[in-house]
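Contents: one structure, followed by commentary.
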Amino acid sequence: MTTLFYTHPICIEHDPGPGHPERPDRLRSVLAALEADEFDALDRHQAPKAELFQIERVHPASYVENVLRQVPRSRQSGQVHLDPDTALSPASGDAALHAAGAVTAAVDAVIGGQGQNAFCAVRPPGHHAEAEQAMGFCFFNNVAIGALQAMEAHGVEKVAIVDFDVHHGNGSQSAADRHRGLFYASSHQSPAYPGTGAEYEHGLHGNIVNVELEPGSGSDRFRAAYRDRILPALGEFAPDLLMISAGFDAHIRDPLCQLNLVTEDFAWVTRELLAVAGDCCSDRVVSVLEGGYDLPALAESAAAHVRVLIDR
C-alpha cells in the first residue's frame, strides 16, 4: 500500500522572526529533499485546515480563540510573542490550523485504508504545546490532536505516540496523562529544554515511558534506549495506531543539542517502530515533523525516515 504525504504552502509562511531557529527554510529543505525521484511513490495531498472542534479535544476553546485572536494582521505589525521563543506572524494562525489539519486528515486516511502510513511535513511543530500554554515554538499539539481524532472520531481504543525529537514532548505527555488509551514514549537529551521527562514519570495510567540521554550519548545509547525500554513497552501496550513525533534535532550537526546521532539512526529507529506496528496495528502509522534545525541534516534525516516508510 501507499505512503501518504501531507503538507501545505502556508506552513512555510509562518515566520517567528529573524534569526529564529524554527525558520521557514526548515520546511523548504524537507520538501526539496522529498522531490527526488525516489519519492515519486508518495501519494501527495494538500493539508486541509483542522476544524476547531478537533483542536479543542486537546486545547480548551478559550485557549484556541486567544491564540488565533493574537495573530498580527499585517507584516508591519511584526511578531506577537506568546513566550520568549514562540511568536506569531500574520500567517501563523492559518499555518497552525493546516498543520493540525494535515495530521487529522492523515489519521482519517490511514484508518480508512487509503494508505498504509503517512508523513506530515508541517510547521509550526507541536509536541511542546500544553493544553493552555504555547511554548517551545509550538501553538497546537499536532500529534495529540491526531491521536484524539483517532480515538474520538474513529473509536480507536489505543493510540501510541513515540517521540524521538531531542527535546521531551511535555505537551504530548500531558495529553497522555489525561487519556488512559494514549501511550507516550520519549527518548530525549537531559538536561535540556524544557526540563521535563524524568524517567520516574510513568503517568496516571502507567502509559508513559521516558528515557533520558545525557549529552554526547551517541548512537549506541540511543539504540539501546529503544531496544531495552521503548520498543518492549510499545509492544506490550499494543496500540491500534502508532503516531511518531519525528524530530531530527538529535543529529550530530544540529546546533540546539548534543545527542550526536547520525542520519542512519533515524532510519534504524523508523524500521524498528514499523516492525512493532506490523505486529500490533496492521502497519498503521502516522508520522509528524517536529524539530531539526541544521538544514542539510534535517533534509537528510527526514528523507531517510520517509524512505523507510515507503519501503515498508
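For the C-alpha cells, the naming scheme is as follows: chains receive sequential letters (A, B, ...) according to their order of presentation, residues are indexed from 1 within each chain, and ligands are indexed from 1 in presentation order.
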DSSP strand (DSSP E) selection over stretch 26-78 of chain A, as a list in words: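 Answer for stretch 26-78 of chain A restricted to strand (DSSP E) is Asp43, Arg44, His45 and Gln46 of chain A.
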How close does each residue of stretch 105-168 of chain A get to stretch 207-218 of chain A, giving the shortest atom pair and distance in Å to one decimal for every residue with an atom at most 12 Å away, counting only C-alpha atoms, sorted by chain and residue number, as JSON lines?
{"residue": "A:Lys158", "atom": "CA", "partner": "A:Asn207", "partner_atom": "CA", "distance": 10.6}
{"residue": "A:Val159", "atom": "CA", "partner": "A:Asn207", "partner_atom": "CA", "distance": 10.6}
{"residue": "A:Ala160", "atom": "CA", "partner": "A:Asn207", "partner_atom": "CA", "distance": 9.1}
{"residue": "A:Ile161", "atom": "CA", "partner": "A:Ile208", "partner_atom": "CA", "distance": 9.7}
{"residue": "A:Val162", "atom": "CA", "partner": "A:Val209", "partner_atom": "CA", "distance": 9.3}
{"residue": "A:Asp163", "atom": "CA", "partner": "A:Asn210", "partner_atom": "CA", "distance": 9.6}
{"residue": "A:Phe164", "atom": "CA", "partner": "A:Val211", "partner_atom": "CA", "distance": 10.1}
{"residue": "A:Asp165", "atom": "CA", "partner": "A:Leu213", "partner_atom": "CA", "distance": 11.8}
{"residue": "A:Val166", "atom": "CA", "partner": "A:Leu213", "partner_atom": "CA", "distance": 9.1}
{"residue": "A:His167", "atom": "CA", "partner": "A:Glu212", "partner_atom": "CA", "distance": 9.9}
{"residue": "A:His168", "atom": "CA", "partner": "A:Asn210", "partner_atom": "CA", "distance": 8.4}
Nearest residue to A:Asp254 out of A:Glu65, A:Glu300, A:Glu132, A:Asp294, using only C-alpha atoms?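 Looking only at the distances to A:Asp254, the closest residue turns out to be A:Asp294.
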With DSSP run on the backbone, what are the alpha helix (DSSP H) residues within stretch 87-284 of chain A? I'd like them as a ChimeraX atom specification. /A:92-111,142-154,170-178,218-225,231-237,263-280
How about saving the chosen residues, C-alpha atoms kept, as an mmCIF file, in the first residue's frame?
data_model
loop_
_atom_site.group_PDB
_atom_site.id
_atom_site.type_symbol
_atom_site.label_atom_id
_atom_site.label_comp_id
_atom_site.auth_asym_id
_atom_site.auth_seq_id
_atom_site.Cartn_x
_atom_site.Cartn_y
_atom_site.Cartn_z
ATOM 1 C CA SER A 92 0.894 31.699 11.771
ATOM 2 C CA GLY A 93 -2.773 31.124 12.540
ATOM 3 C CA ASP A 94 -3.515 29.529 9.188
ATOM 4 C CA ALA A 95 -0.225 27.608 9.288
ATOM 5 C CA ALA A 96 -1.089 26.145 12.691
ATOM 6 C CA LEU A 97 -4.589 25.186 11.525
ATOM 7 C CA HIS A 98 -3.242 23.482 8.398
ATOM 8 C CA ALA A 99 -0.509 21.727 10.406
ATOM 9 C CA ALA A 100 -3.097 20.222 12.732
ATOM 10 C CA GLY A 101 -5.350 19.544 9.744
ATOM 11 C CA ALA A 102 -2.607 17.595 7.997
ATOM 12 C CA VAL A 103 -2.414 15.219 10.936
ATOM 13 C CA THR A 104 -6.165 14.744 11.354
ATOM 14 C CA ALA A 105 -6.509 14.117 7.599
ATOM 15 C CA ALA A 106 -3.629 11.644 7.680
ATOM 16 C CA VAL A 107 -5.216 9.793 10.600
ATOM 17 C CA ASP A 108 -8.557 9.647 8.775
ATOM 18 C CA ALA A 109 -6.902 8.321 5.633
ATOM 19 C CA VAL A 110 -4.709 5.694 7.301
ATOM 20 C CA ILE A 111 -7.546 4.396 9.458
ATOM 21 C CA ASN A 142 -0.475 18.393 16.289
ATOM 22 C CA VAL A 143 0.309 14.790 17.201
ATOM 23 C CA ALA A 144 -2.020 14.773 20.220
ATOM 24 C CA ILE A 145 -4.788 16.298 18.098
ATOM 25 C CA GLY A 146 -4.272 13.469 15.610
ATOM 26 C CA ALA A 147 -4.347 10.868 18.377
ATOM 27 C CA LEU A 148 -7.636 12.222 19.730
ATOM 28 C CA GLN A 149 -9.037 12.281 16.183
ATOM 29 C CA ALA A 150 -8.383 8.552 16.006
ATOM 30 C CA MET A 151 -9.948 7.910 19.392
ATOM 31 C CA GLU A 152 -12.960 10.230 19.223
ATOM 32 C CA ALA A 153 -13.852 10.148 15.513
ATOM 33 C CA HIS A 154 -12.960 6.537 14.736
ATOM 34 C CA ASN A 170 5.936 17.794 27.581
ATOM 35 C CA GLY A 171 2.631 18.693 25.933
ATOM 36 C CA SER A 172 2.196 15.218 24.495
ATOM 37 C CA GLN A 173 2.978 13.626 27.860
ATOM 38 C CA SER A 174 0.339 15.847 29.461
ATOM 39 C CA ALA A 175 -2.195 14.637 26.904
ATOM 40 C CA ALA A 176 -1.324 11.019 27.746
ATOM 41 C CA ASP A 177 -1.877 11.803 31.425
ATOM 42 C CA ARG A 178 -5.440 12.799 30.564
ATOM 43 C CA GLY A 218 25.515 8.921 20.549
ATOM 44 C CA SER A 219 24.071 6.071 18.524
ATOM 45 C CA ASP A 220 24.739 3.134 20.866
ATOM 46 C CA ARG A 221 22.918 4.595 23.862
ATOM 47 C CA PHE A 222 20.077 5.892 21.687
ATOM 48 C CA ARG A 223 19.524 2.472 20.128
ATOM 49 C CA ALA A 224 19.769 0.754 23.497
ATOM 50 C CA ALA A 225 17.052 3.073 24.816
ATOM 51 C CA LEU A 231 10.117 -0.923 21.971
ATOM 52 C CA PRO A 232 9.215 -3.557 24.588
ATOM 53 C CA ALA A 233 6.824 -1.125 26.318
ATOM 54 C CA LEU A 234 5.274 -0.180 22.982
ATOM 55 C CA GLY A 235 4.777 -3.825 22.078
ATOM 56 C CA GLU A 236 3.205 -4.542 25.463
ATOM 57 C CA PHE A 237 0.792 -1.615 25.046
ATOM 58 C CA THR A 263 21.322 10.054 9.821
ATOM 59 C CA GLU A 264 21.194 6.257 9.816
ATOM 60 C CA ASP A 265 19.943 6.278 13.407
ATOM 61 C CA PHE A 266 16.687 7.836 12.239
ATOM 62 C CA ALA A 267 16.283 5.188 9.556
ATOM 63 C CA TRP A 268 17.047 2.483 12.149
ATOM 64 C CA VAL A 269 14.512 3.715 14.715
ATOM 65 C CA THR A 270 11.887 4.076 11.987
ATOM 66 C CA ARG A 271 12.409 0.463 10.903
ATOM 67 C CA GLU A 272 12.184 -0.734 14.491
ATOM 68 C CA LEU A 273 8.977 1.208 15.148
ATOM 69 C CA LEU A 274 7.400 -0.053 11.934
ATOM 70 C CA ALA A 275 8.234 -3.618 12.915
ATOM 71 C CA VAL A 276 6.250 -3.194 16.129
ATOM 72 C CA ALA A 277 3.432 -1.532 14.185
ATOM 73 C CA GLY A 278 3.369 -4.541 11.869
ATOM 74 C CA ASP A 279 2.824 -6.803 14.851
ATOM 75 C CA CYS A 280 0.308 -4.616 16.701
#
Excluding A:Arg23 and residues on its chain fewer than 2 positions from it, collect all residues at most 10 Å away from it, counting only C-alpha atoms, and give them as a count of residues only. 18
Nearest to A:Glu56, chosen from A:Phe140, A:Ala87, A:Ala303, A:Ile310, with only C-alpha atoms counted in the distances: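 Once distances to A:Glu56 are computed over only C-alpha atoms, the minimum belongs to A:Phe140.
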Which distance in Å separates atom CA of A:Ala246 and atom CA of A:Ser287, to one decimal?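 Separating atom CA of A:Ala246 from atom CA of A:Ser287 is a distance of 6.3 Å.
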Minimum-distance residue to A:Tyr6, chosen among A:Arg284, A:Gly206, A:Ala118, A:Val80 (using only C-alpha atoms):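 Residue with the minimum atom-to-atom distance to A:Tyr6: A:Ala118.
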Between A:Ser245, A:Ser282, A:Thr2, A:Gln133, single out the one closest to A:Asp83, counting only C-alpha atoms. A:Gln133
Counting only C-alpha atoms, figure out which residue out of A:Glu199, A:Asp311, A:Asp228, A:Glu130 gets nearest to A:Val64.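 Residue with the minimum atom-to-atom distance to A:Val64: A:Glu130.
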To one decimal place in Å, what is the distance between atom CA of A:Gly247 and atom CA of A:Gly181?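 Interatomic distance, atom CA of A:Gly247 to atom CA of A:Gly181: 23.3 Å.
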Using only C-alpha atoms for the distances, tell me which of A:Pro9, A:Gly203, A:Pro191, A:Pro84 is nearest to A:Gln46.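 Looking at the shortest contact to A:Gln46, the residue is A:Pro9.
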Which distance in Å separates atom CA of A:Asn260 and atom CA of A:Phe183, to one decimal?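 Answer for the atom CA of A:Asn260 to atom CA of A:Phe183 separation: 26.6 Å.
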